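Q: The file below is coords.json, JSON, C-alpha atoms:
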[["chain", "number", "residue", "atom", "x", "y", "z"],
["A", 5, "MET", "CA", -1.14, -30.03, -33.92],
["A", 6, "ILE", "CA", -0.45, -26.97, -31.74],
["A", 7, "ASN", "CA", -1.78, -23.73, -33.18],
["A", 8, "LYS", "CA", 0.41, -20.69, -33.77],
["A", 9, "ILE", "CA", -1.13, -18.87, -30.82],
["A", 10, "VAL", "CA", 0.64, -16.85, -28.14],
["A", 11, "ALA", "CA", -1.49, -16.17, -25.06],
["A", 12, "ILE", "CA", -0.61, -13.20, -22.88],
["A", 13, "GLN", "CA", -1.78, -13.17, -19.28],
["A", 14, "GLY", "CA", -1.67, -9.50, -18.47],
["A", 15, "ASN", "CA", -3.30, -6.20, -17.64],
["A", 16, "HIS", "CA", -5.90, -5.05, -20.19],
["A", 17, "PRO", "CA", -4.24, -3.45, -23.26],
["A", 18, "SER", "CA", -6.13, -0.20, -22.59],
["A", 19, "LYS", "CA", -3.95, 0.19, -19.46],
["A", 20, "LEU", "CA", -0.68, -0.27, -21.38],
["A", 21, "LYS", "CA", 1.61, 2.42, -22.78],
["A", 22, "PRO", "CA", 2.65, 1.19, -26.24],
["A", 23, "LEU", "CA", 5.65, 3.51, -26.49],
["A", 24, "THR", "CA", 7.38, 1.73, -23.60],
["A", 25, "ASP", "CA", 5.49, -1.53, -22.97],
["A", 26, "THR", "CA", 7.47, -4.76, -23.31],
["A", 27, "SER", "CA", 4.41, -7.04, -23.67],
["A", 28, "VAL", "CA", 3.20, -5.06, -26.73],
["A", 29, "PHE", "CA", 6.75, -5.07, -28.15],
["A", 30, "LEU", "CA", 7.03, -8.87, -27.80],
["A", 31, "ALA", "CA", 3.53, -9.42, -29.21],
["A", 32, "ASN", "CA", 4.15, -7.14, -32.18],
["A", 33, "GLU", "CA", 7.34, -9.06, -33.05],
["A", 34, "ILE", "CA", 5.74, -12.53, -32.95],
["A", 35, "GLN", "CA", 2.72, -11.23, -34.92],
["A", 36, "ASN", "CA", 5.16, -10.67, -37.79],
["A", 37, "LYS", "CA", 5.77, -14.43, -37.77],
["A", 38, "LYS", "CA", 2.05, -15.04, -38.37],
["A", 39, "TYR", "CA", 1.23, -15.97, -34.78],
["A", 40, "LYS", "CA", -2.15, -14.99, -33.35],
["A", 41, "ILE", "CA", -2.19, -13.12, -30.04],
["A", 42, "PHE", "CA", -4.75, -14.08, -27.38],
["A", 43, "TYR", "CA", -5.05, -11.78, -24.39],
["A", 44, "TYR", "CA", -6.67, -12.51, -21.03],
["A", 45, "ASP", "CA", -6.79, -11.07, -17.53],
["A", 46, "PRO", "CA", -5.60, -13.27, -14.61],
["A", 47, "LYS", "CA", -9.09, -13.17, -13.07],
["A", 48, "ASP", "CA", -10.48, -14.82, -16.24],
["A", 49, "LEU", "CA", -8.35, -17.97, -15.87],
["A", 50, "SER", "CA", -10.34, -21.09, -14.91],
["A", 51, "VAL", "CA", -10.14, -24.86, -14.52],
["A", 52, "VAL", "CA", -13.37, -26.41, -15.86],
["A", 53, "ASN", "CA", -13.82, -30.16, -16.49],
["A", 54, "SER", "CA", -10.05, -30.58, -15.94],
["A", 55, "LYS", "CA", -9.31, -28.07, -18.71],
["A", 56, "VAL", "CA", -7.45, -24.80, -18.16],
["A", 57, "THR", "CA", -9.39, -22.12, -20.00],
["A", 58, "ALA", "CA", -9.26, -18.34, -20.23],
["A", 59, "LYS", "CA", -12.03, -15.95, -21.19],
["A", 60, "GLY", "CA", -10.30, -13.34, -23.32],
["A", 61, "PHE", "CA", -9.89, -12.08, -26.86],
["A", 62, "PHE", "CA", -7.75, -12.33, -29.96],
["A", 63, "ILE", "CA", -6.02, -9.05, -30.65],
["A", 64, "LYS", "CA", -3.88, -7.34, -33.28],
["A", 65, "PHE", "CA", -1.27, -4.73, -32.43],
["A", 66, "ASN", "CA", -0.23, -1.92, -34.75],
["A", 67, "TYR", "CA", 2.18, 0.77, -33.59],
["A", 68, "SER", "CA", 1.29, 3.10, -36.48],
["A", 69, "ASN", "CA", -2.39, 3.41, -35.48],
["A", 70, "LYS", "CA", -3.52, 5.96, -32.90],
["A", 71, "LYS", "CA", -5.30, 3.13, -31.09],
["A", 72, "PHE", "CA", -2.46, 0.61, -31.06],
["A", 73, "TYR", "CA", -4.63, -2.52, -30.72],
["A", 74, "LYS", "CA", -7.77, -4.00, -32.21],
["A", 75, "ILE", "CA", -9.81, -6.78, -30.59],
["A", 76, "THR", "CA", -10.78, -9.18, -33.38],
["A", 77, "LYS", "CA", -12.62, -11.96, -31.55],
["A", 78, "LYS", "CA", -13.74, -12.70, -27.99],
["A", 79, "GLN", "CA", -13.43, -16.31, -26.92],
["A", 80, "ASN", "CA", -13.14, -18.76, -24.06],
["A", 81, "LEU", "CA", -9.94, -20.58, -25.07],
["A", 82, "ASP", "CA", -8.49, -23.91, -23.96],
["A", 83, "LEU", "CA", -4.93, -22.74, -23.25],
["A", 84, "THR", "CA", -3.40, -26.06, -24.30],
["A", 85, "LYS", "CA", -4.23, -24.94, -27.86],
["A", 86, "CYS", "CA", -1.47, -22.30, -27.55],
["A", 87, "LYS", "CA", 2.19, -22.73, -28.39],
["A", 88, "PHE", "CA", 3.34, -20.16, -25.82],
["A", 89, "ILE", "CA", 1.86, -18.40, -22.79],
["A", 90, "LEU", "CA", 3.52, -15.24, -21.46],
["A", 91, "ILE", "CA", 2.89, -14.34, -17.81],
["A", 92, "ARG", "CA", 3.01, -10.57, -18.07],
["A", 93, "GLN", "CA", 0.70, -9.02, -15.46],
["A", 94, "ASP", "CA", 2.23, -6.48, -13.12],
["A", 95, "PRO", "CA", 2.86, -7.40, -9.51],
["A", 96, "PRO", "CA", 2.09, -7.08, -6.59],
["A", 97, "PHE", "CA", 2.86, -10.73, -6.15],
["A", 98, "ASN", "CA", -0.31, -11.46, -4.19],
["A", 99, "LEU", "CA", -2.53, -14.52, -3.73],
["A", 100, "GLU", "CA", -4.19, -14.01, -7.12],
["A", 101, "TYR", "CA", -0.74, -14.07, -8.75],
["A", 102, "ILE", "CA", 0.17, -17.24, -6.84],
["A", 103, "SER", "CA", -3.15, -18.91, -7.73],
["A", 104, "THR", "CA", -2.56, -18.31, -11.46],
["A", 105, "THR", "CA", 0.88, -19.99, -11.19],
["A", 106, "TYR", "CA", -0.73, -23.07, -9.59],
["A", 107, "ILE", "CA", -3.33, -23.23, -12.38],
["A", 108, "LEU", "CA", -0.74, -22.83, -15.14],
["A", 109, "ASP", "CA", 1.46, -25.46, -13.44],
["A", 110, "THR", "CA", -1.08, -28.07, -14.54],
["A", 111, "ILE", "CA", -0.43, -27.43, -18.27],
["A", 112, "LYS", "CA", 3.26, -26.48, -18.32],
["A", 113, "THR", "CA", 4.21, -29.84, -19.87],
["A", 114, "LYS", "CA", 1.81, -29.16, -22.77],
["A", 115, "VAL", "CA", 2.52, -25.46, -23.41],
["A", 116, "LYS", "CA", 5.74, -23.46, -23.11],
["A", 117, "ILE", "CA", 5.06, -20.87, -20.37],
["A", 118, "ILE", "CA", 7.38, -17.88, -19.90],
["A", 119, "ASN", "CA", 8.39, -17.59, -17.19],
["A", 120, "ASN", "CA", 7.84, -21.09, -15.85],
["A", 121, "PRO", "CA", 5.00, -20.72, -13.29],
["A", 122, "THR", "CA", 6.72, -22.89, -10.65],
["A", 123, "ALA", "CA", 9.91, -20.84, -11.01],
["A", 124, "VAL", "CA", 7.99, -17.54, -10.79],
["A", 125, "ARG", "CA", 6.38, -18.75, -7.56],
["A", 126, "ASN", "CA", 9.65, -20.02, -6.07],
["A", 127, "ILE", "CA", 11.78, -16.97, -6.83],
["A", 128, "SER", "CA", 10.76, -14.06, -4.63],
["A", 129, "GLU", "CA", 12.14, -11.13, -6.59],
["A", 130, "LYS", "CA", 13.87, -9.43, -3.66],
["A", 131, "LEU", "CA", 14.45, -12.35, -1.28],
["A", 132, "TYR", "CA", 16.16, -14.38, -4.01],
["A", 133, "SER", "CA", 18.92, -11.77, -4.05],
["A", 134, "SER", "CA", 19.93, -12.71, -0.49],
["A", 135, "LYS", "CA", 22.27, -15.31, -2.00],
["A", 136, "TYR", "CA", 24.17, -12.53, -3.80],
["A", 137, "GLN", "CA", 24.67, -10.22, -0.83],
["A", 138, "LYS", "CA", 28.41, -9.94, -1.32],
["A", 139, "TYR", "CA", 27.67, -8.05, -4.56],
["A", 140, "MET", "CA", 25.09, -5.76, -2.90],
["A", 141, "PRO", "CA", 25.12, -2.76, -0.59],
["A", 142, "ALA", "CA", 24.52, -3.73, 3.08],
["A", 143, "THR", "CA", 21.02, -5.28, 3.14],
["A", 144, "ILE", "CA", 18.77, -7.05, 5.63],
["A", 145, "PHE", "CA", 15.34, -8.68, 5.24],
["A", 146, "THR", "CA", 13.31, -8.48, 8.43],
["A", 147, "GLN", "CA", 10.32, -7.16, 10.35],
["A", 148, "ASN", "CA", 12.23, -7.01, 13.63],
["A", 149, "MET", "CA", 12.39, -3.43, 14.94],
["A", 150, "ASP", "CA", 15.61, -4.02, 16.93],
["A", 151, "GLU", "CA", 17.41, -5.31, 13.81],
["A", 152, "ILE", "CA", 16.21, -2.32, 11.77],
["A", 153, "LYS", "CA", 17.29, 0.13, 14.49],
["A", 154, "LYS", "CA", 20.74, -1.49, 14.68],
["A", 155, "PHE", "CA", 21.04, -1.43, 10.87],
["A", 156, "PHE", "CA", 20.06, 2.24, 10.71],
["A", 157, "LYS", "CA", 22.55, 3.20, 13.44],
["A", 158, "LYS", "CA", 25.34, 1.60, 11.43],
["A", 159, "ASN", "CA", 24.36, 2.88, 7.94],
["A", 160, "LYS", "CA", 22.85, 6.35, 8.71],
["A", 161, "LYS", "CA", 20.76, 6.54, 5.51],
["A", 162, "VAL", "CA", 18.57, 3.53, 4.73],
["A", 163, "ILE", "CA", 16.13, 2.61, 1.96],
["A", 164, "LEU", "CA", 13.01, 0.72, 3.09],
["A", 165, "LYS", "CA", 11.41, -1.49, 0.41],
["A", 166, "PRO", "CA", 8.39, -3.80, 0.53],
["A", 167, "ILE", "CA", 9.42, -7.29, -0.60],
["A", 168, "HIS", "CA", 6.45, -7.86, -2.93],
["A", 169, "SER", "CA", 5.83, -4.42, -4.45],
["A", 170, "PHE", "CA", 6.95, -3.05, -7.84],
["A", 171, "SER", "CA", 7.71, 0.09, -9.89],
["A", 172, "GLY", "CA", 9.26, 1.98, -7.00],
["A", 173, "ASN", "CA", 5.96, 1.97, -5.07],
["A", 174, "ASP", "CA", 6.18, 2.50, -1.29],
["A", 175, "ILE", "CA", 9.96, 2.94, -1.29],
["A", 176, "HIS", "CA", 11.06, 5.18, 1.56],
["A", 177, "LEU", "CA", 14.40, 6.86, 2.34],
["A", 178, "LEU", "CA", 15.03, 6.92, 6.09],
["A", 179, "THR", "CA", 17.44, 9.71, 7.08],
["A", 180, "LYS", "CA", 16.27, 9.97, 10.70],
["A", 181, "PHE", "CA", 15.06, 6.96, 12.64],
["A", 182, "ASN", "CA", 11.31, 7.09, 13.14],
["A", 183, "SER", "CA", 9.97, 4.04, 14.95],
["A", 184, "LYS", "CA", 6.34, 5.06, 14.34],
["A", 185, "LEU", "CA", 6.93, 5.25, 10.56],
["A", 186, "VAL", "CA", 8.89, 1.95, 10.52],
["A", 187, "ASN", "CA", 6.18, 0.21, 12.58],
["A", 188, "LYS", "CA", 3.52, 1.43, 10.15],
["A", 189, "PHE", "CA", 5.65, 0.23, 7.21],
["A", 190, "ILE", "CA", 6.06, -3.25, 8.76],
["A", 191, "LYS", "CA", 2.36, -3.45, 9.61],
["A", 192, "LYS", "CA", 1.50, -2.74, 5.98],
["A", 193, "HIS", "CA", 4.15, -4.93, 4.30],
["A", 194, "ASP", "CA", 5.25, -7.61, 6.86],
["A", 195, "HIS", "CA", 8.87, -8.54, 6.03],
["A", 196, "ILE", "CA", 10.70, -5.63, 4.44],
["A", 197, "MET", "CA", 14.06, -5.05, 2.76],
["A", 198, "CYS", "CA", 16.35, -2.47, 4.40],
["A", 199, "GLN", "CA", 19.33, -1.36, 2.33],
["A", 200, "LYS", "CA", 22.14, 1.12, 2.75],
["A", 201, "PHE", "CA", 21.39, 4.18, 0.61],
["A", 202, "LEU", "CA", 23.67, 4.64, -2.40],
["A", 203, "PRO", "CA", 23.88, 8.37, -3.25],
["A", 204, "LYS", "CA", 25.08, 7.61, -6.80],
["A", 205, "ILE", "CA", 21.50, 6.64, -7.66],
["A", 206, "SER", "CA", 21.26, 10.31, -8.71],
["A", 207, "LYS", "CA", 23.43, 9.33, -11.72],
["A", 208, "GLY", "CA", 21.02, 6.46, -12.57],
["A", 209, "ASP", "CA", 20.78, 2.73, -12.18],
["A", 210, "LYS", "CA", 21.41, 0.05, -14.82],
["A", 211, "ARG", "CA", 18.74, -2.44, -15.90],
["A", 212, "VAL", "CA", 20.31, -5.60, -17.39],
["A", 213, "PHE", "CA", 18.24, -7.91, -19.61],
["A", 214, "ILE", "CA", 18.74, -11.67, -19.29],
["A", 215, "ILE", "CA", 17.25, -14.03, -21.90],
["A", 216, "ASN", "CA", 17.71, -17.79, -21.71],
["A", 217, "GLY", "CA", 20.79, -17.59, -19.47],
["A", 218, "LYS", "CA", 22.49, -14.88, -21.56],
["A", 219, "VAL", "CA", 23.24, -11.25, -20.74],
["A", 220, "CYS", "CA", 21.68, -9.51, -23.74],
["A", 221, "GLY", "CA", 21.75, -5.76, -23.14],
["A", 222, "ALA", "CA", 21.23, -2.92, -20.66],
["A", 223, "ILE", "CA", 19.86, 0.59, -20.24],
["A", 224, "SER", "CA", 20.35, 3.23, -17.56],
["A", 225, "ARG", "CA", 17.47, 5.07, -15.90],
["A", 226, "VAL", "CA", 18.24, 8.44, -14.33],
["A", 227, "PRO", "CA", 15.83, 9.68, -11.62],
["A", 228, "LYS", "CA", 14.16, 13.01, -12.17],
["A", 229, "LYS", "CA", 15.59, 15.92, -10.17],
["A", 230, "GLY", "CA", 14.93, 15.56, -6.44],
["A", 231, "SER", "CA", 13.89, 11.89, -6.74],
["A", 232, "ILE", "CA", 15.67, 8.67, -5.70],
["A", 233, "LEU", "CA", 13.45, 6.48, -7.90],
["A", 234, "SER", "CA", 14.92, 5.14, -11.14],
["A", 235, "ASN", "CA", 11.63, 3.69, -12.38],
["A", 236, "MET", "CA", 10.48, 5.14, -15.70],
["A", 237, "SER", "CA", 6.92, 5.06, -14.35],
["A", 238, "LYS", "CA", 8.15, 7.55, -11.74],
["A", 239, "GLY", "CA", 9.62, 9.95, -14.30],
["A", 240, "ALA", "CA", 13.16, 8.57, -14.64],
["A", 241, "LYS", "CA", 14.85, 9.23, -18.00],
["A", 242, "PRO", "CA", 16.34, 6.22, -19.88],
["A", 243, "THR", "CA", 19.77, 6.45, -21.48],
["A", 244, "ASN", "CA", 21.97, 4.11, -23.50],
["A", 245, "ILE", "CA", 24.96, 2.67, -21.58],
["A", 246, "LYS", "CA", 27.59, -0.05, -21.53],
["A", 247, "LEU", "CA", 28.13, -2.39, -18.62],
["A", 248, "LYS", "CA", 31.37, -2.37, -16.64],
["A", 249, "SER", "CA", 33.34, -5.64, -16.45],
["A", 250, "LYS", "CA", 32.31, -6.13, -12.80],
["A", 251, "GLU", "CA", 28.63, -5.76, -13.73],
["A", 252, "ILE", "CA", 29.01, -8.21, -16.63],
["A", 253, "LYS", "CA", 30.66, -10.77, -14.35],
["A", 254, "ILE", "CA", 27.88, -10.56, -11.73],
["A", 255, "SER", "CA", 25.14, -10.55, -14.43],
["A", 256, "LYS", "CA", 26.56, -13.71, -16.05],
["A", 257, "LEU", "CA", 26.65, -15.48, -12.70],
["A", 258, "ILE", "CA", 23.00, -14.62, -12.00],
["A", 259, "ALA", "CA", 21.98, -15.44, -15.59],
["A", 260, "LYS", "CA", 23.48, -18.92, -15.21],
["A", 261, "ASP", "CA", 21.65, -19.46, -11.90],
["A", 262, "LEU", "CA", 18.33, -18.22, -13.31],
["A", 263, "LYS", "CA", 18.58, -20.61, -16.26],
["A", 264, "LYS", "CA", 19.04, -23.50, -13.80],
["A", 265, "GLU", "CA", 15.92, -22.23, -11.99],
["A", 266, "ASN", "CA", 13.93, -22.35, -15.27],
["A", 267, "ILE", "CA", 13.69, -18.57, -15.59],
["A", 268, "PHE", "CA", 13.86, -17.62, -19.28],
["A", 269, "PHE", "CA", 13.47, -13.83, -19.11],
["A", 270, "ALA", "CA", 14.61, -11.56, -16.28],
["A", 271, "GLY", "CA", 15.78, -8.06, -15.47],
["A", 272, "ILE", "CA", 18.37, -7.25, -12.81],
["A", 273, "ASP", "CA", 19.43, -3.84, -11.56],
["A", 274, "PHE", "CA", 22.71, -2.20, -10.52],
["A", 275, "ILE", "CA", 23.44, 1.06, -8.70],
["A", 276, "ASP", "CA", 27.08, 2.19, -8.57],
["A", 277, "GLN", "CA", 28.20, -1.29, -9.78],
["A", 278, "LYS", "CA", 26.34, -2.95, -6.90],
["A", 279, "LEU", "CA", 23.39, -5.28, -7.37],
["A", 280, "ASN", "CA", 20.40, -3.57, -5.78],
["A", 281, "GLY", "CA", 18.52, -6.78, -5.04],
["A", 282, "ASP", "CA", 15.62, -6.46, -7.50],
["A", 283, "ILE", "CA", 15.67, -9.60, -9.64],
["A", 284, "ASN", "CA", 12.61, -9.12, -11.83],
["A", 285, "VAL", "CA", 11.17, -12.44, -13.01],
["A", 286, "THR", "CA", 7.43, -11.69, -12.94],
["A", 287, "SER", "CA", 7.15, -9.02, -15.64],
["A", 288, "PRO", "CA", 10.51, -7.62, -16.77],
["A", 289, "THR", "CA", 10.30, -4.38, -18.74],
["A", 290, "GLY", "CA", 12.52, -2.13, -20.84],
["A", 291, "LEU", "CA", 12.95, -3.97, -24.17],
["A", 292, "LYS", "CA", 11.10, -1.33, -26.21],
["A", 293, "THR", "CA", 13.12, 1.42, -24.53],
["A", 294, "LEU", "CA", 16.39, -0.38, -25.33],
["A", 295, "TYR", "CA", 15.28, -0.66, -28.98],
["A", 296, "ASP", "CA", 14.40, 3.04, -29.17],
["A", 297, "LEU", "CA", 17.75, 4.04, -27.64],
["A", 298, "SER", "CA", 20.07, 1.66, -29.49],
["A", 299, "GLY", "CA", 18.20, -0.11, -32.31],
["A", 300, "LYS", "CA", 18.90, -3.42, -30.56],
["A", 301, "ASN", "CA", 15.79, -5.59, -30.89],
["A", 302, "LEU", "CA", 15.72, -8.08, -28.01],
["A", 303, "ALA", "CA", 12.17, -9.12, -28.96],
["A", 304, "LYS", "CA", 13.79, -10.89, -31.94],
["A", 305, "THR", "CA", 16.31, -12.51, -29.56],
["A", 306, "PHE", "CA", 13.48, -13.53, -27.19],
["A", 307, "TRP", "CA", 11.51, -15.41, -29.86],
["A", 308, "LYS", "CA", 14.63, -16.79, -31.53],
["A", 309, "GLU", "CA", 15.76, -18.33, -28.24],
["A", 310, "LEU", "CA", 12.28, -19.89, -27.89],
["A", 311, "LYS", "CA", 12.59, -21.22, -31.46],
["A", 312, "ALA", "CA", 9.26, -19.62, -32.36]]
Write out the structure in this file as structure tokens.
A:
Amino acid sequence: MINKIVAIQGNHPSKLKPLTDTSVFLANEIQNKKYKIFYYDPKDLSVVNSKVTAKGFFIKFNYSNKKFYKITKKQNLDLTKCKFILIRQDPPFNLEYISTTYILDTIKTKVKIINNPTAVRNISEKLYSSKYQKYMPATIFTQNMDEIKKFFKKNKKVILKPIHSFSGNDIHLLTKFNSKLVNKFIKKHDHIMCQKFLPKISKGDKRVFIINGKVCGAISRVPKKGSILSNMSKGAKPTNIKLKSKEIKISKLIAKDLKKENIFFAGIDFIDQKLNGDINVTSPTGLKTLYDLSGKNLAKTFWKELKA
């Protein structure tokens, strides 16, 4: 019999911010259903004697305590003893991230893993959006200087994004072409995403939550004054919003495709009713913020859809 255990592969709880963190929000909800939470760091995942094990700890979360978590027991756990495993560590999507998906692949028929490790590996968060380019601002994916120069000449203001970064890190607004800067950017990140700048980002973006092929809710994130970054980790302010019909239509289309790809939980982003190309499948965030803004508890929806 499978135990009522949910394992979370993620960054150590001491690094999390409980007031906004989605992993804590999901864990707290399933705790109420008498599940035990087991936490481990990706580096502590192993295959020993054909068993996938993790050196980690059982943990209890409590929002009302100053220290929001308590480690109850340290253990090396056979992960097939769990009912669910949540892949929740932050990107970058590097070789360690890829290695953990290969390890978890070996037990995905025995344990429900969210998101499916094969799907996480196959869906590059930014490159996957290339199939939806008609819904996006002008965008290219390249490390070819001539292509970037041509793109800049046509679009005047261009956002440079690393393909495998996160949280608005290393995003650069190019208002004057600087080949030295672009060369340095390519050298650091290899293939990059170049996108026409949308000035309405100053009014905020929209983060849409997709659970099990359904569009379940959205928030807006307004950059702080003088910034173009809508990430809350970069000081953006969240607000409650409704989606426009165009955004709902595009979101439903992507939700349907992601379900076919075995992605259970995702976040997609819009700026000025255009998809911005970030399709977050590795560690989507914002559920706690949505709850605080609207009272809508998508953690309940998440576990209900998993039939926990």
Q: What does the distance from CA of Lys40 in chain A to CA of Ser68 in chain A come to in Å, to one decimal?
A: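 So the two atoms, CA of Lys40 in chain A and CA of Ser68 in chain A, lie 18.7 Å apart.
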Q: Let me know the centre plus edge lengths, in Å and rounded to one decimal, of a box with edges along x, y and z that contains all listed atoms of range 92-103 of chain A and is padded by 5 Å on every side, as AutoDock Vina command-line options.
A:
--center_x -0.6 --center_y -12.7 --center_z -10.9 --size_x 17.2 --size_y 22.4 --size_z 24.3
Q: Enter the distance from CA of Leu20 in chain A to CA of Phe72 in chain A, in Å, rounded to one decimal.
A: 9.9 Å
Q: Within 9 Å of Leu23 in chain A, counting all atoms listed in the file, which residues qualify if same-chain residues fewer than 2 places away don't, as a ChimeraX atom specification?
A: /A:20-21,25,28-29,67,292-293
Q: Which residues come within 10 Å of Lys158 in chain A, counting all atoms listed in the file, excluding same-chain residues fewer than 4 positions away, as an MDAnalysis selection string?
A: chainID A and resid 142 152:154 162 200
Q: Any chance you could tabulate, as CSV, the residues of range 106-181 of chain A at most 9 Å from range 48-61 of chain A with each one's nearest atom pair and distance in Å to one decimal, using only C-alpha atoms, in chain and rising number order?
A:
residue,atom,partner,partner_atom,distance
A:Ile107,CA,A:Val56,CA,7.3
A:Leu108,CA,A:Val56,CA,7.6
A:Thr110,CA,A:Val56,CA,8.0
A:Ile111,CA,A:Val56,CA,7.5
Q: Between A:Gly290, A:Met197, A:Leu178, A:Asp150, single out the one closest to Arg211 in chain A, counting all atoms listed in the file.
A: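 For Arg211 in chain A, the nearest of the candidates is A:Gly290.
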